[in-house]
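The next block holds one structure in the form of structure tokens; read it before the comments.
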Amino acid sequence: MSYTPEEPIAAIATALAPSALAIIRVSGKNCIELISNVFSRPKALNNAKGNTLLYGWILAPADHSIVKTTQTVERARIDEVMLAVYRNPKSFTGEDMVEIFCHGGVSPVKSVYNQLLKNGFREAEKGEYTFRAFLNGKTDLTRAEAVREIIDSKTDFSRGRAADRLSGTLFEQIESLKQQLANTLSHIEVGIEYPEDENAIKDSYDSEELRTIEKKLTELSSSWAAEKLYQEGTRIVLCGRTNAGKSSLFNTLLKQDRAIVSDIHGTTRDWIESWISFDGIPARLFDTAGLRETKDSIEAIGVERTKELAADADLNLYLIDATEGIKNEDKNELEALLKNKNKTPLIVVINKTDIAGTDTSKEIADNLLSSFAKLPTTPILNVPANNTNISITPDTIVFISAKKGTGISKLVATVRQTLTAKIGTSNMKTGLGSERQKRAVDDAITSVNHAIHAPEKGLGGDAVILDLEAAIASLGEITGEVSPDDILGNIFSQFCVGK
């Protein structure tokens, strides 16, 4: 993808669907003058100061004019609009810009937009407005990527973390680390430049300072695990025997009747899914067919799909009907889930406790704990080793009533704690916002680590300088100070048109 700076561009910035208002955004050299050619008040527009609003009409070409009398000709009006005028450099792109607010019908929006394309504008590429903002120093790459993150955010929590990056928190972290590296680098260069000063040579290389920087970089790199969870979300599967209350829990969590609830066994024959927020963590929640032996060929397919979904899930919620207790089928399915080769975390949800009562529900929990005591004990809230099994512990058993909604807050909290256990903490400060940024930080870590161990390998100050320069360059890629064209093209091509 190639962009042509300054060339007048136009894009429909709002959804092309019936609405009260729509926005068409233009930017580039002479864009204000070009719009004045199709605006009912050209002189007022050309003389307008930045950050002002103008009222008027977008007009049709001269060949669509209406002859009012033999002496006067009036161009046909396309739509009544408001124009927001921005003068460079005080605009989003750093160029002259105009945002056209027109009526939100599909016809008027397309008519106004097509009129612009006929009068000197070209269609904007994906992300071209943000790219121009980057080129003109109005934003850096961390903030630019944060714009897309906000647009794609699935929960308020993920939006808030992206907004922190947009405000510059990540940029400031990167700049601080670069400055620390630059200070160390300058001290080493002084030591090399003035070798006669023995103290300068001795004090120029501080491995402890570099180790501190390496630790900070490592913490920053590890932050991507949390951000990825909040950005991309997770897969959570509701499984269990028929009539355990999976569909009821699905509806309760979604706060809407999406799944059919019935006392008839085998009602759910295939999975359905929906996005949901577990205390800020976006998740694809799957309601599945009940696990049981069946001669119904269609239901059997649904049971196999449930097992496949559970095997690939990031977290399984296994429901047990407290009014029926633990059946052999439950024990068999639980043992299979606990020995899953992907080590998928498991939470046991004892449902219908309002009917069964507290004592009966606790007996079921005790039965579970004793039944699976023979399995290797690895607490679910720790990251499991590859040669161990997930286990059932008191922390991974939750009592609920899906019908009455009791215990749901505890379930949500347990889900969040389980998912965030893999990333160390659920309250980590805002960190990296993309895989690209993580790779750059990891490259910087490699360079700093090489510099730390340079003396052990018999390498001199020149080698350390090269390592630290490489580390600074890697961090520069994150903010856009150093960015190959292919990286820029990949970043901005993921944006929507008009942004």
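Residues are named by chain letter and number: chains run A, B, ... in the order of the structure tokens, numbers start at 1 in each chain, and ligands are numbered from 1 in the order shown.
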- Could you pull the residues within 9 Å of Glu335 in chain A, counting only C-alpha atoms, minus those fewer than 4 positions along the same chain, as number ranges by chain? A: 330-331, 339-340, 372, 375
- Tell me, as a VMD selection string, which residues lie within 9 Å of Thr360 in chain A, counting only C-alpha atoms; anything in the same chain fewer than 5 positions away does not count. chain A and resid 322 to 323 325 353 365
Restrict the selected residues to C-alpha atoms and save them as a compact mmCIF listing (two decimals), in the first residue's frame.
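Okay, result26.txt is ready:
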# COMPACT_ATOMS: atom_id res chain seq x y z
CA ALA A 322 -26.95 -30.16 42.45
CA THR A 323 -30.41 -31.78 42.53
CA GLY A 325 -25.55 -35.03 42.36
CA THR A 353 -28.16 -24.81 44.74
CA ALA A 365 -18.13 -30.45 46.43
- Item | Top pick for closest residue to Asp366 in chain A, considering A:Arg132, A:Lys49, A:Ile397, A:Val237 and counting only C-alpha atoms |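 The closest residue to Asp366 in chain A is A:Ile397.
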- Query: Any idea what the distance is between CA of Leu346 in chain A and CA of Leu315 in chain A?
  - Reply: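 CA of Leu315 in chain A lies at a distance of 5.9 Å from CA of Leu346 in chain A.
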- Give the answer as one residue: which of A:Leu319, A:Asp140, A:Cys239, A:Val112 has the shortest atom-to-atom distance to Ser401 in chain A, using only C-alpha atoms?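 That would be A:Leu319, the residue with the smallest distance to Ser401 in chain A.
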- Task: Please provide the set of residues having any atom within 9 Å of Lys228 in chain A, restricted to only C-alpha atoms, with same-chain residues fewer than 2 positions apart removed, written as an MDAnalysis selection string.
- Result: chainID A and resid 223:226 230:233 432:435
- Message: Which residues are near Val349 in chain A? Cut-off 12 Å, only C-alpha atoms, ignore same chain within fewer than 3 positions. Put them as JSON, numbers by chain.
- Response: {"A": [238, 239, 240, 244, 245, 246, 249, 316, 317, 318, 319, 320, 321, 322, 326, 334, 346, 352, 353, 361, 362, 364, 365, 368, 392, 394, 395, 396, 397, 398, 399, 400, 401, 402, 407, 408, 410, 411, 412, 414, 415]}
Hey, what does DSSP flag as alpha helix (DSSP H) within range 42-166 of chain A? Can you give it to me as a PDB file with N, CA and C atoms, in the first residue's frame?
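Output contents, as saved in states09.pdb:
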ATOM      1  N   PRO A  42     -18.711  30.070  -1.109  1.00  0.00           N
ATOM      2  CA  PRO A  42     -17.278  29.849  -1.351  1.00  0.00           C
ATOM      3  C   PRO A  42     -16.371  30.892  -0.697  1.00  0.00           C
ATOM      4  N   LYS A  43     -16.770  32.168  -0.753  1.00  0.00           N
ATOM      5  CA  LYS A  43     -15.930  33.216  -0.176  1.00  0.00           C
ATOM      6  C   LYS A  43     -15.802  33.051   1.337  1.00  0.00           C
ATOM      7  N   ALA A  44     -16.912  32.753   1.996  1.00  0.00           N
ATOM      8  CA  ALA A  44     -16.880  32.560   3.444  1.00  0.00           C
ATOM      9  C   ALA A  44     -16.009  31.376   3.824  1.00  0.00           C
ATOM     10  N   LEU A  45     -16.050  30.315   3.022  1.00  0.00           N
ATOM     11  CA  LEU A  45     -15.239  29.134   3.310  1.00  0.00           C
ATOM     12  C   LEU A  45     -13.752  29.424   3.127  1.00  0.00           C
ATOM     13  N   ASN A  46     -13.390  30.072   2.032  1.00  0.00           N
ATOM     14  CA  ASN A  46     -11.975  30.362   1.771  1.00  0.00           C
ATOM     15  C   ASN A  46     -11.383  31.312   2.809  1.00  0.00           C
ATOM     16  N   VAL A 106     -28.328   7.234   3.090  1.00  0.00           N
ATOM     17  CA  VAL A 106     -27.338   6.683   2.167  1.00  0.00           C
ATOM     18  C   VAL A 106     -27.230   7.538   0.913  1.00  0.00           C
ATOM     19  N   SER A 107     -28.345   7.976   0.375  1.00  0.00           N
ATOM     20  CA  SER A 107     -28.338   8.760  -0.864  1.00  0.00           C
ATOM     21  C   SER A 107     -27.631  10.108  -0.713  1.00  0.00           C
ATOM     22  N   PRO A 108     -27.973  10.929   0.292  1.00  0.00           N
ATOM     23  CA  PRO A 108     -27.277  12.215   0.402  1.00  0.00           C
ATOM     24  C   PRO A 108     -25.790  12.065   0.686  1.00  0.00           C
ATOM     25  N   VAL A 109     -25.408  11.077   1.496  1.00  0.00           N
ATOM     26  CA  VAL A 109     -23.983  10.875   1.801  1.00  0.00           C
ATOM     27  C   VAL A 109     -23.214  10.525   0.534  1.00  0.00           C
ATOM     28  N   LYS A 110     -23.725   9.568  -0.225  1.00  0.00           N
ATOM     29  CA  LYS A 110     -23.033   9.161  -1.451  1.00  0.00           C
ATOM     30  C   LYS A 110     -23.024  10.287  -2.472  1.00  0.00           C
ATOM     31  N   SER A 111     -24.100  11.067  -2.528  1.00  0.00           N
ATOM     32  CA  SER A 111     -24.159  12.175  -3.487  1.00  0.00           C
ATOM     33  C   SER A 111     -23.116  13.244  -3.171  1.00  0.00           C
ATOM     34  N   VAL A 112     -22.997  13.607  -1.878  1.00  0.00           N
ATOM     35  CA  VAL A 112     -22.001  14.594  -1.479  1.00  0.00           C
ATOM     36  C   VAL A 112     -20.593  14.055  -1.736  1.00  0.00           C
ATOM     37  N   TYR A 113     -20.370  12.807  -1.349  1.00  0.00           N
ATOM     38  CA  TYR A 113     -19.043  12.185  -1.509  1.00  0.00           C
ATOM     39  C   TYR A 113     -18.647  12.121  -2.991  1.00  0.00           C
ATOM     40  N   ASN A 114     -19.566  11.675  -3.838  1.00  0.00           N
ATOM     41  CA  ASN A 114     -19.267  11.580  -5.273  1.00  0.00           C
ATOM     42  C   ASN A 114     -18.980  12.950  -5.879  1.00  0.00           C
ATOM     43  N   GLN A 115     -19.661  13.973  -5.366  1.00  0.00           N
ATOM     44  CA  GLN A 115     -19.405  15.321  -5.851  1.00  0.00           C
ATOM     45  C   GLN A 115     -17.973  15.759  -5.539  1.00  0.00           C
ATOM     46  N   LEU A 116     -17.471  15.352  -4.382  1.00  0.00           N
ATOM     47  CA  LEU A 116     -16.078  15.673  -4.027  1.00  0.00           C
ATOM     48  C   LEU A 116     -15.104  14.966  -4.953  1.00  0.00           C
ATOM     49  N   LEU A 117     -15.380  13.689  -5.249  1.00  0.00           N
ATOM     50  CA  LEU A 117     -14.481  12.923  -6.115  1.00  0.00           C
ATOM     51  C   LEU A 117     -14.436  13.506  -7.531  1.00  0.00           C
ATOM     52  N   GLU A 128      -5.167   6.273   6.046  1.00  0.00           N
ATOM     53  CA  GLU A 128      -4.341   7.330   5.463  1.00  0.00           C
ATOM     54  C   GLU A 128      -4.362   8.606   6.289  1.00  0.00           C
ATOM     55  N   TYR A 129      -5.476   8.896   6.937  1.00  0.00           N
ATOM     56  CA  TYR A 129      -5.528  10.104   7.767  1.00  0.00           C
ATOM     57  C   TYR A 129      -4.567   9.982   8.957  1.00  0.00           C
ATOM     58  N   THR A 130      -4.582   8.835   9.611  1.00  0.00           N
ATOM     59  CA  THR A 130      -3.683   8.629  10.743  1.00  0.00           C
ATOM     60  C   THR A 130      -2.236   8.571  10.278  1.00  0.00           C
ATOM     61  N   PHE A 131      -2.005   8.015   9.089  1.00  0.00           N
ATOM     62  CA  PHE A 131      -0.654   7.967   8.541  1.00  0.00           C
ATOM     63  C   PHE A 131      -0.121   9.380   8.318  1.00  0.00           C
ATOM     64  N   ARG A 132      -0.965  10.256   7.792  1.00  0.00           N
ATOM     65  CA  ARG A 132      -0.528  11.643   7.578  1.00  0.00           C
ATOM     66  C   ARG A 132      -0.267  12.336   8.917  1.00  0.00           C
ATOM     67  N   ALA A 133      -1.084  12.020   9.913  1.00  0.00           N
ATOM     68  CA  ALA A 133      -0.845  12.577  11.248  1.00  0.00           C
ATOM     69  C   ALA A 133       0.522  12.134  11.762  1.00  0.00           C
ATOM     70  N   PHE A 134       0.879  10.878  11.502  1.00  0.00           N
ATOM     71  CA  PHE A 134       2.179  10.355  11.910  1.00  0.00           C
ATOM     72  C   PHE A 134       3.309  11.059  11.159  1.00  0.00           C
ATOM     73  N   LEU A 135       3.159  11.180   9.834  1.00  0.00           N
ATOM     74  CA  LEU A 135       4.198  11.828   9.020  1.00  0.00           C
ATOM     75  C   LEU A 135       4.422  13.287   9.431  1.00  0.00           C
ATOM     76  N   LEU A 141       3.755   6.145  16.617  1.00  0.00           N
ATOM     77  CA  LEU A 141       3.132   4.873  16.276  1.00  0.00           C
ATOM     78  C   LEU A 141       2.376   4.243  17.441  1.00  0.00           C
ATOM     79  N   THR A 142       2.824   4.455  18.675  1.00  0.00           N
ATOM     80  CA  THR A 142       2.091   3.871  19.810  1.00  0.00           C
ATOM     81  C   THR A 142       0.703   4.484  19.915  1.00  0.00           C
ATOM     82  N   ARG A 143       0.609   5.782  19.697  1.00  0.00           N
ATOM     83  CA  ARG A 143      -0.698   6.444  19.745  1.00  0.00           C
ATOM     84  C   ARG A 143      -1.540   6.072  18.525  1.00  0.00           C
ATOM     85  N   ALA A 144      -0.885   5.963  17.362  1.00  0.00           N
ATOM     86  CA  ALA A 144      -1.615   5.603  16.149  1.00  0.00           C
ATOM     87  C   ALA A 144      -2.234   4.218  16.282  1.00  0.00           C
ATOM     88  N   GLU A 145      -1.460   3.272  16.775  1.00  0.00           N
ATOM     89  CA  GLU A 145      -1.994   1.922  16.957  1.00  0.00           C
ATOM     90  C   GLU A 145      -3.096   1.914  18.019  1.00  0.00           C
ATOM     91  N   ALA A 146      -2.983   2.785  19.011  1.00  0.00           N
ATOM     92  CA  ALA A 146      -3.997   2.857  20.061  1.00  0.00           C
ATOM     93  C   ALA A 146      -5.341   3.307  19.495  1.00  0.00           C
ATOM     94  N   VAL A 147      -5.325   4.129  18.443  1.00  0.00           N
ATOM     95  CA  VAL A 147      -6.579   4.548  17.799  1.00  0.00           C
ATOM     96  C   VAL A 147      -7.328   3.331  17.287  1.00  0.00           C
ATOM     97  N   ARG A 148      -6.609   2.450  16.596  1.00  0.00           N
ATOM     98  CA  ARG A 148      -7.250   1.230  16.083  1.00  0.00           C
ATOM     99  C   ARG A 148      -7.703   0.329  17.232  1.00  0.00           C
ATOM    100  N   GLU A 149      -6.907   0.260  18.296  1.00  0.00           N
ATOM    101  CA  GLU A 149      -7.276  -0.564  19.449  1.00  0.00           C
ATOM    102  C   GLU A 149      -8.586  -0.084  20.070  1.00  0.00           C
ATOM    103  N   ILE A 150      -8.758   1.221  20.158  1.00  0.00           N
ATOM    104  CA  ILE A 150      -9.993   1.767  20.726  1.00  0.00           C
ATOM    105  C   ILE A 150     -11.185   1.389  19.850  1.00  0.00           C
ATOM    106  N   ILE A 151     -11.013   1.517  18.542  1.00  0.00           N
ATOM    107  CA  ILE A 151     -12.092   1.168  17.614  1.00  0.00           C
ATOM    108  C   ILE A 151     -12.459  -0.303  17.737  1.00  0.00           C
ATOM    109  N   ASP A 152     -11.447  -1.170  17.902  1.00  0.00           N
ATOM    110  CA  ASP A 152     -11.678  -2.615  17.953  1.00  0.00           C
ATOM    111  C   ASP A 152     -11.984  -3.132  19.355  1.00  0.00           C
ATOM    112  N   ASP A 156     -15.279  -2.045  28.009  1.00  0.00           N
ATOM    113  CA  ASP A 156     -14.855  -0.736  28.508  1.00  0.00           C
ATOM    114  C   ASP A 156     -13.450  -0.797  29.074  1.00  0.00           C
ATOM    115  N   PHE A 157     -13.100  -1.936  29.683  1.00  0.00           N
ATOM    116  CA  PHE A 157     -11.770  -2.072  30.284  1.00  0.00           C
ATOM    117  C   PHE A 157     -10.688  -2.050  29.208  1.00  0.00           C
ATOM    118  N   SER A 158     -10.890  -2.805  28.125  1.00  0.00           N
ATOM    119  CA  SER A 158      -9.898  -2.824  27.044  1.00  0.00           C
ATOM    120  C   SER A 158      -9.829  -1.459  26.357  1.00  0.00           C
ATOM    121  N   ARG A 159     -10.993  -0.784  26.243  1.00  0.00           N
ATOM    122  CA  ARG A 159     -10.978   0.565  25.670  1.00  0.00           C
ATOM    123  C   ARG A 159     -10.169   1.515  26.539  1.00  0.00           C
ATOM    124  N   GLY A 160     -10.322   1.388  27.871  1.00  0.00           N
ATOM    125  CA  GLY A 160      -9.592   2.255  28.779  1.00  0.00           C
ATOM    126  C   GLY A 160      -8.094   2.072  28.689  1.00  0.00           C
ATOM    127  N   ARG A 161      -7.656   0.817  28.519  1.00  0.00           N
ATOM    128  CA  ARG A 161      -6.218   0.552  28.410  1.00  0.00           C
ATOM    129  C   ARG A 161      -5.671   1.131  27.100  1.00  0.00           C
ATOM    130  N   ALA A 162      -6.456   1.005  26.042  1.00  0.00           N
ATOM    131  CA  ALA A 162      -6.038   1.593  24.768  1.00  0.00           C
ATOM    132  C   ALA A 162      -6.012   3.113  24.860  1.00  0.00           C
ATOM    133  N   ALA A 163      -6.972   3.686  25.580  1.00  0.00           N
ATOM    134  CA  ALA A 163      -7.011   5.145  25.745  1.00  0.00           C
ATOM    135  C   ALA A 163      -5.781   5.637  26.514  1.00  0.00           C
ATOM    136  N   ASP A 164      -5.306   4.843  27.459  1.00  0.00           N
ATOM    137  CA  ASP A 164      -4.076   5.211  28.175  1.00  0.00           C
ATOM    138  C   ASP A 164      -2.897   5.300  27.206  1.00  0.00           C
ATOM    139  N   ARG A 165      -2.818   4.338  26.283  1.00  0.00           N
ATOM    140  CA  ARG A 165      -1.734   4.391  25.292  1.00  0.00           C
ATOM    141  C   ARG A 165      -1.909   5.591  24.368  1.00  0.00           C
ATOM    142  N   LEU A 166      -3.170   5.893  24.026  1.00  0.00           N
ATOM    143  CA  LEU A 166      -3.428   7.048  23.174  1.00  0.00           C
ATOM    144  C   LEU A 166      -3.006   8.341  23.863  1.00  0.00           C
TER     145      LEU A 166
END
- Message: Need the shell around range 27-35 of chain A: protein/DNA/RNA residues with any atom at most 7 Å away, counting only C-alpha atoms. Skip same-chain ones fewer than 2 positions apart. Format as a ChimeraX atom specification?
- Response: /A:6-10,25,37-39,46,95-98,119-120
- Would you mind reading off the distance between CA of Lys343 in chain A and CA of Ile423 in chain A, one decimal, in Å? 15.7 Å
Could you list, with a cut-off of 12 Å and counting only C-alpha atoms, the residues of range 420-453 of chain A near range 459-472 of chain A, each shown with its nearest atom pair and the distance in Å rounded to one decimal, rows sorted by chain and ascending number, as JSON lines?
{"residue": "A:Arg439", "atom": "CA", "partner": "A:Ala471", "partner_atom": "CA", "distance": 11.9}
{"residue": "A:Ala440", "atom": "CA", "partner": "A:Ala471", "partner_atom": "CA", "distance": 8.8}
{"residue": "A:Val441", "atom": "CA", "partner": "A:Ala471", "partner_atom": "CA", "distance": 8.3}
{"residue": "A:Asp442", "atom": "CA", "partner": "A:Ala471", "partner_atom": "CA", "distance": 9.4}
{"residue": "A:Asp443", "atom": "CA", "partner": "A:Ala471", "partner_atom": "CA", "distance": 7.0}
{"residue": "A:Ala444", "atom": "CA", "partner": "A:Ala471", "partner_atom": "CA", "distance": 4.1}
{"residue": "A:Ile445", "atom": "CA", "partner": "A:Ala471", "partner_atom": "CA", "distance": 7.2}
{"residue": "A:Thr446", "atom": "CA", "partner": "A:Ala471", "partner_atom": "CA", "distance": 8.0}
{"residue": "A:Ser447", "atom": "CA", "partner": "A:Asp467", "partner_atom": "CA", "distance": 5.0}
{"residue": "A:Val448", "atom": "CA", "partner": "A:Leu468", "partner_atom": "CA", "distance": 6.2}
{"residue": "A:Asn449", "atom": "CA", "partner": "A:Asp467", "partner_atom": "CA", "distance": 8.7}
{"residue": "A:His450", "atom": "CA", "partner": "A:Asp467", "partner_atom": "CA", "distance": 6.8}
{"residue": "A:Ala451", "atom": "CA", "partner": "A:Val464", "partner_atom": "CA", "distance": 4.9}
{"residue": "A:Ile452", "atom": "CA", "partner": "A:Val464", "partner_atom": "CA", "distance": 8.0}
{"residue": "A:His453", "atom": "CA", "partner": "A:Leu459", "partner_atom": "CA", "distance": 8.7}
Serialized selection, C-alpha atoms, as a short mmCIF file (atom, residue, chain, number, x, y, z; two decimals), in the first residue's frame:
data_model
loop_
_atom_site.label_atom_id
_atom_site.label_comp_id
_atom_site.auth_asym_id
_atom_site.auth_seq_id
_atom_site.Cartn_x
_atom_site.Cartn_y
_atom_site.Cartn_z
CA ARG A 439 9.03 -8.10 19.12
CA ALA A 440 10.83 -4.77 19.17
CA VAL A 441 11.16 -4.85 22.97
CA ASP A 442 12.43 -8.45 22.84
CA ASP A 443 15.06 -7.37 20.28
CA ALA A 444 16.11 -4.58 22.66
CA ILE A 445 16.38 -7.09 25.53
CA THR A 446 18.65 -9.30 23.42
CA SER A 447 20.93 -6.36 22.60
CA VAL A 448 21.11 -5.16 26.22
CA ASN A 449 21.79 -8.69 27.47
CA HIS A 450 24.61 -9.02 24.95
CA ALA A 451 26.08 -5.74 26.18
CA ILE A 452 25.92 -6.90 29.81
CA HIS A 453 27.92 -10.04 29.05
#
- Message: So that I can see what lies close to Ser176 in chain A, please list as a PyMOL selection string the residues with an atom at most 12 Å from it, counting only C-alpha atoms and leaving out residues fewer than 5 positions away in the same chain.
- Response: chain A and resi 169-171+181-183+213+216-217+472+475-476
Selection export as a PDB file, in the first residue's frame, atoms kept: C-alpha atoms:
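Written out: selection-v8.pdb:
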ATOM      1  CA  THR A 169       1.685   6.452  28.654  1.00  0.00           C
ATOM      2  CA  LEU A 170       3.484   3.834  26.542  1.00  0.00           C
ATOM      3  CA  PHE A 171       5.351   6.485  24.558  1.00  0.00           C
ATOM      4  CA  LEU A 181      20.267   3.656  27.389  1.00  0.00           C
ATOM      5  CA  ALA A 182      21.529   6.874  25.791  1.00  0.00           C
ATOM      6  CA  ASN A 183      23.016   8.032  29.108  1.00  0.00           C
ATOM      7  CA  ILE A 213      17.204  -1.475  32.211  1.00  0.00           C
ATOM      8  CA  LYS A 216      12.360  -2.935  33.021  1.00  0.00           C
ATOM      9  CA  LEU A 217      12.350  -4.104  29.411  1.00  0.00           C
ATOM     10  CA  ILE A 472      17.824   2.167  21.118  1.00  0.00           C
ATOM     11  CA  LEU A 475      12.784   0.887  20.831  1.00  0.00           C
ATOM     12  CA  GLY A 476      12.684   3.591  18.171  1.00  0.00           C
TER      13      GLY A 476
END
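Proximity to Lys404 in chain A was assessed for A:Lys307, A:Phe121, A:Ser248, A:Arg436 counting only C-alpha atoms; the smallest distance is recorded for A:Ser248.
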